[in-house]
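Following: one structure in C-alpha coordinates, then a few remarks.
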Amino acid sequence: MDRRQVLSLTITGTGLVVAGIVVVPSLISIFSPAFEARPASLWQAVAEVDRFKIGEMQKSLLSIASPARADELSQKAIYVWRRSADEFVVYSRSCTDLGCPLVWDAGSEWFFCPCHGGIFDKEGQRRAGPPKLPMWRYESRIENGVLEINLRSVPPMV
(Lines give C-alpha, C1' and ligand atoms only; values in the text may rest on other atoms or scores of the structure.)
Protein backbone atom coordinates (compact mmCIF):
# COMPACT_ATOMS: atom_id res chain seq x y z
CA MET A 1 0.00 0.00 0.00
CA ASP A 2 1.39 3.35 -0.94
CA ARG A 3 1.02 6.67 0.75
CA ARG A 4 -1.89 7.83 -1.44
CA GLN A 5 -4.02 4.76 -0.57
CA VAL A 6 -3.36 5.15 3.17
CA LEU A 7 -4.38 8.81 3.03
CA SER A 8 -7.51 7.97 0.99
CA LEU A 9 -8.57 5.24 3.45
CA THR A 10 -7.91 7.54 6.41
CA ILE A 11 -10.02 10.34 4.95
CA THR A 12 -12.83 7.94 3.98
CA GLY A 13 -12.82 6.32 7.42
CA THR A 14 -12.83 9.66 9.20
CA GLY A 15 -15.73 10.83 7.02
CA LEU A 16 -17.76 7.70 7.82
CA VAL A 17 -17.15 8.09 11.56
CA VAL A 18 -18.20 11.77 11.50
CA ALA A 19 -21.27 10.95 9.40
CA GLY A 20 -22.22 8.21 11.85
CA ILE A 21 -21.85 10.57 14.79
CA VAL A 22 -24.15 13.11 13.15
CA VAL A 23 -26.64 10.92 11.28
CA VAL A 24 -27.43 8.20 13.84
CA PRO A 25 -28.61 10.57 16.64
CA SER A 26 -30.53 12.62 14.07
CA LEU A 27 -32.38 9.55 12.81
CA ILE A 28 -33.14 8.43 16.35
CA SER A 29 -34.64 11.82 17.25
CA ILE A 30 -36.66 11.95 14.03
CA PHE A 31 -38.15 8.47 14.26
CA SER A 32 -38.48 7.98 18.04
CA PRO A 33 -41.91 9.70 18.28
CA ALA A 34 -43.27 7.18 15.77
CA PHE A 35 -42.50 4.34 18.16
CA GLU A 36 -43.97 5.91 21.29
CA ALA A 37 -47.27 4.51 22.47
CA ARG A 38 -49.89 7.22 22.07
CA PRO A 39 -53.42 6.95 23.38
CA ALA A 40 -56.19 7.02 20.77
CA SER A 41 -57.59 10.14 22.41
CA LEU A 42 -56.49 12.65 24.97
CA TRP A 43 -59.41 14.53 26.46
CA GLN A 44 -58.64 17.90 28.02
CA ALA A 45 -61.07 19.93 30.11
CA VAL A 46 -61.64 23.42 28.71
CA ALA A 47 -64.04 25.06 31.19
CA GLU A 48 -67.47 24.72 32.70
CA VAL A 49 -70.23 24.93 30.10
CA ASP A 50 -71.85 27.93 31.85
CA ARG A 51 -68.76 30.05 31.12
CA PHE A 52 -69.68 30.20 27.43
CA LYS A 53 -72.57 32.40 26.26
CA ILE A 54 -74.91 31.01 23.62
CA GLY A 55 -74.15 32.41 20.16
CA GLU A 56 -70.76 33.90 21.08
CA MET A 57 -67.24 33.00 19.98
CA GLN A 58 -64.76 33.04 22.87
CA LYS A 59 -61.02 32.55 22.99
CA SER A 60 -59.86 30.14 25.67
CA LEU A 61 -56.40 29.14 26.91
CA LEU A 62 -55.60 25.58 27.95
CA SER A 63 -52.67 24.49 30.10
CA ILE A 64 -51.43 21.17 28.74
CA ALA A 65 -48.81 18.94 30.33
CA SER A 66 -45.85 18.17 28.11
CA PRO A 67 -45.68 14.47 27.14
CA ALA A 68 -41.89 14.59 27.35
CA ARG A 69 -41.67 16.23 30.78
CA ALA A 70 -44.38 15.98 33.42
CA ASP A 71 -43.23 19.20 35.12
CA GLU A 72 -43.61 21.28 31.94
CA LEU A 73 -46.86 22.99 30.93
CA SER A 74 -47.61 24.62 27.62
CA GLN A 75 -50.48 26.91 26.68
CA LYS A 76 -52.75 26.25 23.74
CA ALA A 77 -55.27 28.80 22.51
CA ILE A 78 -58.59 27.69 21.05
CA TYR A 79 -61.83 29.34 19.98
CA VAL A 80 -65.10 28.05 21.43
CA TRP A 81 -68.42 28.85 19.77
CA ARG A 82 -71.51 27.86 21.70
CA ARG A 83 -74.14 27.48 18.99
CA SER A 84 -76.94 26.42 21.35
CA ALA A 85 -77.42 25.19 24.91
CA ASP A 86 -75.78 21.84 24.17
CA GLU A 87 -73.93 22.36 20.87
CA PHE A 88 -70.32 23.55 20.85
CA VAL A 89 -67.82 24.09 18.02
CA VAL A 90 -64.19 24.24 19.11
CA TYR A 91 -61.64 25.56 16.61
CA SER A 92 -57.87 25.38 16.63
CA ARG A 93 -56.31 28.83 16.63
CA SER A 94 -53.83 27.79 13.91
CA CYS A 95 -54.30 28.62 10.25
CA THR A 96 -54.48 25.53 8.05
CA ASP A 97 -51.90 26.92 5.65
CA LEU A 98 -48.77 27.67 7.71
CA GLY A 99 -50.07 27.40 11.27
CA CYS A 100 -50.05 31.13 12.03
CA PRO A 101 -52.34 32.24 14.90
CA LEU A 102 -55.79 33.24 13.71
CA VAL A 103 -57.52 36.34 15.09
CA TRP A 104 -61.31 36.50 15.61
CA ASP A 105 -63.02 39.74 14.61
CA ALA A 106 -66.39 39.96 16.37
CA GLY A 107 -67.61 42.81 14.12
CA SER A 108 -67.33 40.90 10.85
CA GLU A 109 -67.61 37.47 12.52
CA TRP A 110 -64.59 36.26 10.54
CA PHE A 111 -61.21 34.82 11.43
CA PHE A 112 -58.14 36.51 9.94
CA CYS A 113 -54.63 35.15 9.45
CA PRO A 114 -52.18 38.03 9.96
CA CYS A 115 -49.31 36.22 8.23
CA HIS A 116 -50.61 36.11 4.67
CA GLY A 117 -54.24 37.25 4.55
CA GLY A 118 -56.19 34.03 5.00
CA ILE A 119 -59.84 34.59 5.95
CA PHE A 120 -62.30 32.09 7.44
CA ASP A 121 -65.98 32.57 8.29
CA LYS A 122 -67.70 31.70 11.58
CA GLU A 123 -68.37 28.17 10.29
CA GLY A 124 -64.61 27.72 9.77
CA GLN A 125 -64.82 27.71 5.97
CA ARG A 126 -62.07 29.36 3.93
CA ARG A 127 -63.21 32.60 2.30
CA ALA A 128 -59.97 34.14 0.98
CA GLY A 129 -56.22 33.81 0.88
CA PRO A 130 -53.84 30.90 0.42
CA PRO A 131 -55.33 28.32 2.84
CA LYS A 132 -56.89 25.40 0.95
CA LEU A 133 -58.58 23.70 3.93
CA PRO A 134 -61.24 24.86 6.40
CA MET A 135 -60.25 25.55 10.01
CA TRP A 136 -59.34 22.58 12.20
CA ARG A 137 -62.14 21.55 14.60
CA TYR A 138 -61.57 19.69 17.84
CA GLU A 139 -63.85 16.83 18.73
CA SER A 140 -65.73 17.96 21.84
CA ARG A 141 -67.99 16.53 24.53
CA ILE A 142 -69.64 17.59 27.76
CA GLU A 143 -68.80 15.59 30.88
CA ASN A 144 -70.38 16.57 34.21
CA GLY A 145 -71.06 20.12 33.03
CA VAL A 146 -67.51 20.63 31.70
CA LEU A 147 -66.61 21.11 28.03
CA GLU A 148 -63.78 18.78 27.00
CA ILE A 149 -61.85 18.48 23.73
CA ASN A 150 -59.91 15.61 22.21
CA LEU A 151 -56.40 16.97 21.67
CA ARG A 152 -55.67 14.19 19.16
CA SER A 153 -58.58 15.13 16.88
CA VAL A 154 -56.56 17.75 14.97
CA PRO A 155 -53.10 17.41 13.37
CA PRO A 156 -50.26 17.63 15.90
CA MET A 157 -48.81 20.85 14.53
CA VAL A 158 -51.87 22.78 15.74
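Identifiers for the C-alpha coordinates are assigned positionally: chains receive A, B, ... in sequence, residues are indexed from 1 per chain, and ligands are indexed from 1 in the order shown.
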**Message:** For Val46 of chain A, find every residue with an atom within 7 Å (counting only C-alpha atoms), except residues of its own chain fewer than 5 positions away, and show them as a ChimeraX atom specification.
**Reply:** /A:62,147-148
Serialized selection, N, CA and C atoms, as a PDB file, in the first residue's frame:
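Heads up, here's the output in again_8.pdb:
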ATOM      1  N   LEU A  62     -55.723  26.835  27.237  1.00  0.00           N
ATOM      2  CA  LEU A  62     -55.602  25.576  27.947  1.00  0.00           C
ATOM      3  C   LEU A  62     -54.169  25.416  28.423  1.00  0.00           C
ATOM      4  N   LEU A 147     -66.946  21.311  29.443  1.00  0.00           N
ATOM      5  CA  LEU A 147     -66.612  21.107  28.035  1.00  0.00           C
ATOM      6  C   LEU A 147     -65.218  20.513  27.950  1.00  0.00           C
ATOM      7  N   GLU A 148     -65.073  19.424  27.205  1.00  0.00           N
ATOM      8  CA  GLU A 148     -63.778  18.778  27.004  1.00  0.00           C
ATOM      9  C   GLU A 148     -63.527  18.648  25.513  1.00  0.00           C
TER      10      GLU A 148
END
Could you produce a table of the residues of segment 9-60 of chain A lying within 9 Å of segment 101-107 of chain A, with the nearest pair of atoms per residue and their separation in Å rounded to one decimal, using only C-alpha atoms, ordered by chain and increasing residue number, as a tab-separated table?
residue	atom	partner	partner_atom	distance
A:Glu56	CA	A:Ala106	CA	8.8
A:Met57	CA	A:Ala106	CA	7.9
A:Gln58	CA	A:Trp104	CA	8.8
A:Lys59	CA	A:Trp104	CA	8.4
What are the closest atom pairs, with distances in Å to one decimal, for each residue of segment 119-148 of chain A lying within 8 Å of segment 75-94 of chain A, using only C-alpha atoms, rows by chain and rising residue number, as JSON lines?
{"residue": "A:Gly124", "atom": "CA", "partner": "A:Tyr91", "partner_atom": "CA", "distance": 7.8}
{"residue": "A:Met135", "atom": "CA", "partner": "A:Tyr91", "partner_atom": "CA", "distance": 6.7}
{"residue": "A:Trp136", "atom": "CA", "partner": "A:Ser92", "partner_atom": "CA", "distance": 5.4}
{"residue": "A:Arg137", "atom": "CA", "partner": "A:Tyr91", "partner_atom": "CA", "distance": 4.5}
{"residue": "A:Tyr138", "atom": "CA", "partner": "A:Val90", "partner_atom": "CA", "distance": 5.4}
{"residue": "A:Glu139", "atom": "CA", "partner": "A:Val90", "partner_atom": "CA", "distance": 7.4}
{"residue": "A:Ser140", "atom": "CA", "partner": "A:Val90", "partner_atom": "CA", "distance": 7.0}
**Complete:** Judged by only C-alpha atoms, the minimum distance to Ser63 of chain A among A:Phe120, A:Val18, A:Leu151, A:Phe111 is found for A:Leu151
**Message:** I need the residue nearest Leu133 of chain A from this list: A:Trp110, A:His116, A:Asn150, A:Asp97. Use only C-alpha atoms for the distance.
**Reply:** A:Asp97
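Each of A:Pro114, A:Gly129, A:Gly145, A:Gly15 was checked against Ala45 of chain A using only C-alpha atoms; the smallest atom-to-atom distance is that of A:Gly145.
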